[in-house]
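What follows is a short report on a single structure.
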Amino acid sequence: MVTVAQPHSPTTAPARPVPAVRHLGPNWYSCVMGTAIVGSAGVALPGHIPGLRPVCTAFWALSLVLLAALLVARSLHWYHHRDQARTHLLDPAAAPFYGCLAMALLAVGGGALTVGRDWIGTSAAVALDTVLFTSGTVVGLAAAVVVPYLMAVRHRLEPGQAGPVWLLPLVAPMVSAAVGPLLVPHLPPGQPRATLLLACVALFGMSLLATLVTLPLIFGRLLTGGPLPLALTPTLFLVLGPLGQSTTAVGQFAEVAPGVLRDPYATGFEVFGVLYGVPVLGFALMWLALAAAHVVRARREGMGFSMTWWSFTFPVGTCVTGSEALARHTGLAAYDALTVVLYGVLVVAWAVAAVHTARGVVSGALLAGPRPAPGAPRPGTARTT
């Protein structure tokens, strides 16, 4: 007798893995961040450029689509490839990028109120931003605690491994601090507005102090350990993130505080916005020149494209929004000029990174697994004790 095997029923058939998302790490959210900041930063450029606002809104819409696609893809990654997802968490080079998820949610949410409302309406923009701001802040706070905990307890780290990616989970609360004030005018007057504003100030302080204790490690490693590996050299631009975003945040505090807080606190925020923002943006410009010099050197030595090139986008965009805030509060034409120059750099960087990423996705090269060098030892990612 010949037994015919019965096919699996739809209810009992095992789920098929999705190979294309196996190596899709949390660093891919940098595409969303870099795209969203092009729209958010461009809408506040000085002067009137015909057609600019619809273009900025289109960039925001693209970032929203990218965010939705990546949330689905990353969900499939966790569902079908839990082993690889755990590997990312235990990899000191990959775990910090979980801060990018929070910043992507926040960047798209903030963009909904700055430009997205032109297409979806103010009510829908407020609702969308409320959801994305809340979820992004929760994820950012979790990343700011969990990732450093894993780095201390589970990861195997040496002093010479300090790098700019360590800042990613720490700067996420600063993004919340910068975009949170956009929601303040949409809350009922009184306690709700004051609570959200001061909560954003607390997030600002949390991120700023964490950055201040981490940045010396990165700078010291750069000076004593030599240049970063070629593929990681673009991550030097990540240092601009907390600098530009904190300047943006204090500018937002200064604009929202009047009418929410009583004097002298409202006036104090206006003064603080300039006294803090001017020197910090000055340091950001110095670091921008230093990082650019390292990138030029790395490019001459053969640095090719990788997803780290998206480091050229969002951090520079935060400097654009920081410069825009200083231009509004100081009235100096110099900051208007700086804003235009930095935005030009941002747009060029986004175009280069986007074209190379699209090519890599189409060819499959960016979704393939990493290929270790022949004869190279397999790196350990977790402590054994």
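Labels for the structure tokens follow display order: chains A, B, ..., residues from 1 in each chain, ligands from 1.
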
Nearby residues (only C-alpha atoms) at most 6 Å from A:Thr321, same-chain spacing under 2 positions excluded, as a list of chain:residue names: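 With the cut-off at 6 Å, the set is A:Ala41, A:Thr248, A:Thr318, A:Cys319, A:Ser323, A:Glu324.
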
Tell me which protein, DNA and RNA residues are within 12 Å of A:Met206, counting only C-alpha atoms, leaving out same-chain ones fewer than 5 positions away, and put them as a PyMOL selection string. chain A and resi 140-141+144-145+169-177+199-201+211-213+242+246

Please dump the current selection as a PDB file, in the first residue's frame; keep N, CA and C atoms.
```pdb
ATOM      1  N   GLY A 140      13.128  55.472  23.973  1.00  0.00           N
ATOM      2  CA  GLY A 140      14.395  56.168  24.195  1.00  0.00           C
ATOM      3  C   GLY A 140      14.873  56.050  25.629  1.00  0.00           C
ATOM      4  N   LEU A 141      13.962  56.182  26.583  1.00  0.00           N
ATOM      5  CA  LEU A 141      14.346  56.043  27.987  1.00  0.00           C
ATOM      6  C   LEU A 141      14.799  54.614  28.280  1.00  0.00           C
ATOM      7  N   ALA A 144      18.249  54.183  26.824  1.00  0.00           N
ATOM      8  CA  ALA A 144      19.250  54.929  27.581  1.00  0.00           C
ATOM      9  C   ALA A 144      19.676  54.193  28.842  1.00  0.00           C
ATOM     10  N   VAL A 145      18.830  53.288  29.330  1.00  0.00           N
ATOM     11  CA  VAL A 145      19.166  52.517  30.525  1.00  0.00           C
ATOM     12  C   VAL A 145      19.651  51.114  30.167  1.00  0.00           C
ATOM     13  N   PRO A 169      22.117  55.712  22.154  1.00  0.00           N
ATOM     14  CA  PRO A 169      21.015  55.570  23.119  1.00  0.00           C
ATOM     15  C   PRO A 169      20.916  56.735  24.092  1.00  0.00           C
ATOM     16  N   LEU A 170      22.004  57.475  24.265  1.00  0.00           N
ATOM     17  CA  LEU A 170      22.004  58.583  25.218  1.00  0.00           C
ATOM     18  C   LEU A 170      21.399  59.846  24.645  1.00  0.00           C
ATOM     19  N   VAL A 171      21.455  60.010  23.324  1.00  0.00           N
ATOM     20  CA  VAL A 171      20.941  61.232  22.717  1.00  0.00           C
ATOM     21  C   VAL A 171      19.449  61.141  22.430  1.00  0.00           C
ATOM     22  N   ALA A 172      18.874  59.935  22.494  1.00  0.00           N
ATOM     23  CA  ALA A 172      17.439  59.786  22.209  1.00  0.00           C
ATOM     24  C   ALA A 172      16.569  60.661  23.120  1.00  0.00           C
ATOM     25  N   PRO A 173      16.821  60.719  24.443  1.00  0.00           N
ATOM     26  CA  PRO A 173      16.004  61.639  25.269  1.00  0.00           C
ATOM     27  C   PRO A 173      16.160  63.103  24.877  1.00  0.00           C
ATOM     28  N   MET A 174      17.313  63.475  24.293  1.00  0.00           N
ATOM     29  CA  MET A 174      17.489  64.849  23.854  1.00  0.00           C
ATOM     30  C   MET A 174      16.577  65.153  22.665  1.00  0.00           C
ATOM     31  N   VAL A 175      16.360  64.172  21.801  1.00  0.00           N
ATOM     32  CA  VAL A 175      15.430  64.367  20.689  1.00  0.00           C
ATOM     33  C   VAL A 175      14.016  64.565  21.232  1.00  0.00           C
ATOM     34  N   SER A 176      13.666  63.809  22.265  1.00  0.00           N
ATOM     35  CA  SER A 176      12.359  64.024  22.909  1.00  0.00           C
ATOM     36  C   SER A 176      12.248  65.437  23.468  1.00  0.00           C
ATOM     37  N   ALA A 177      13.341  65.901  24.069  1.00  0.00           N
ATOM     38  CA  ALA A 177      13.338  67.254  24.634  1.00  0.00           C
ATOM     39  C   ALA A 177      13.157  68.313  23.566  1.00  0.00           C
ATOM     40  N   ALA A 199       9.065  68.441  31.832  1.00  0.00           N
ATOM     41  CA  ALA A 199       9.489  67.069  31.563  1.00  0.00           C
ATOM     42  C   ALA A 199      10.520  67.047  30.433  1.00  0.00           C
ATOM     43  N   CYS A 200      10.300  67.893  29.431  1.00  0.00           N
ATOM     44  CA  CYS A 200      11.277  67.989  28.338  1.00  0.00           C
ATOM     45  C   CYS A 200      12.598  68.556  28.838  1.00  0.00           C
ATOM     46  N   VAL A 201      12.527  69.507  29.779  1.00  0.00           N
ATOM     47  CA  VAL A 201      13.756  70.044  30.365  1.00  0.00           C
ATOM     48  C   VAL A 201      14.501  68.949  31.130  1.00  0.00           C
ATOM     49  N   THR A 211      25.828  62.589  28.049  1.00  0.00           N
ATOM     50  CA  THR A 211      26.750  62.888  26.947  1.00  0.00           C
ATOM     51  C   THR A 211      28.063  63.460  27.466  1.00  0.00           C
ATOM     52  N   LEU A 212      27.979  64.317  28.475  1.00  0.00           N
ATOM     53  CA  LEU A 212      29.179  64.963  29.006  1.00  0.00           C
ATOM     54  C   LEU A 212      30.145  63.960  29.642  1.00  0.00           C
ATOM     55  N   VAL A 213      29.621  62.854  30.189  1.00  0.00           N
ATOM     56  CA  VAL A 213      30.519  61.860  30.773  1.00  0.00           C
ATOM     57  C   VAL A 213      31.006  60.848  29.739  1.00  0.00           C
ATOM     58  N   PRO A 242      24.004  65.234  19.743  1.00  0.00           N
ATOM     59  CA  PRO A 242      23.627  65.880  21.013  1.00  0.00           C
ATOM     60  C   PRO A 242      23.943  67.366  21.059  1.00  0.00           C
ATOM     61  N   SER A 246      20.647  69.623  21.336  1.00  0.00           N
ATOM     62  CA  SER A 246      20.490  70.361  22.587  1.00  0.00           C
ATOM     63  C   SER A 246      20.325  71.855  22.316  1.00  0.00           C
TER      64      SER A 246
END
```

Shortest interatomic distance to A:Val250 - which of A:Tyr265, A:Gly302, A:Leu326, A:Met307, counting only C-alpha atoms: A:Leu326

Show which residues sit within 10 Å of A:Ala254, as a list in words. Count only C-alpha atoms, and ignore same-chain residues fewer than 3 positions away. Pro181, Ala249, Val250, Gly251, Ala257, Pro258, Tyr265, Ala266, Thr267, Gly268, Phe269, Glu270, Val271, Phe272, Gly273, Val274, Ala325 and His329 of chain A

Hey, what's within 7 Å of A:Ala162 if we count only C-alpha atoms and toss same-chain stuff fewer than 4 positions away? As a PyMOL selection string, please? chain A and resi 217-218+221

Can I get the selected residues back with N, CA and C atoms, as a PDB file, in the first residue's frame?
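Full text of selection_10.pdb as output:
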```pdb
ATOM      1  N   LEU A 217      35.474  60.096  26.739  1.00  0.00           N
ATOM      2  CA  LEU A 217      35.989  58.779  26.392  1.00  0.00           C
ATOM      3  C   LEU A 217      36.204  58.655  24.888  1.00  0.00           C
ATOM      4  N   ILE A 218      35.259  59.202  24.131  1.00  0.00           N
ATOM      5  CA  ILE A 218      35.351  59.124  22.669  1.00  0.00           C
ATOM      6  C   ILE A 218      36.497  59.987  22.163  1.00  0.00           C
ATOM      7  N   ARG A 221      39.832  58.397  23.136  1.00  0.00           N
ATOM      8  CA  ARG A 221      40.179  57.258  22.291  1.00  0.00           C
ATOM      9  C   ARG A 221      40.658  57.700  20.919  1.00  0.00           C
TER      10      ARG A 221
END
```

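Every protein, DNA or RNA residue with an atom at most 12 Å from A:Ser123, where only C-alpha atoms count and chain neighbours fewer than 4 positions away do not, is listed here: Ala112, Leu113, Gly116, Arg117, Asp118, Trp119, Ala127, Leu128, Asp129, Thr130, Leu183 and His186 of chain A.
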
So, counting only C-alpha atoms, which residue among A:Gly322, A:Thr233, A:Val280, A:Trp310 is closest to A:Trp28? A:Trp310

Would you mind writing down, as a VMD selection string, each residue of stretch 73-261 of chain A that DSSP on the backbone assigns to alpha helix (DSSP H)? chain A and resid 73 to 80 82 to 89 98 to 111 117 to 120 122 to 153 168 to 179 191 to 225 240 to 256

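Atom pair atom CA of A:Pro46 / atom CA of A:Ala353: separated by 25.6 Å.
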
Write out as a list in words which residues come within 9 Å of A:Gly25 when counting only C-alpha atoms, dropping same-chain ones fewer than 4 positions away.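 After dropping sequence-adjacent residues, the list is Val21, Tyr29, Arg74, His77, Ala85, His88, Ala94, Phe97 and Tyr98 of chain A.
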
Nearest to A:Gly42: which of A:Leu67, A:Ala284, A:Val320, A:Leu157 is it, counting only C-alpha atoms?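 So, comparing all the options, the nearest one is A:Val320.
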
Could you check which of A:Gly364, A:Pro26, A:Gly180, A:Gly163 is closest to A:Phe253, using only C-alpha atoms?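 With only C-alpha atoms as the atom set, the closest residue is A:Gly180.
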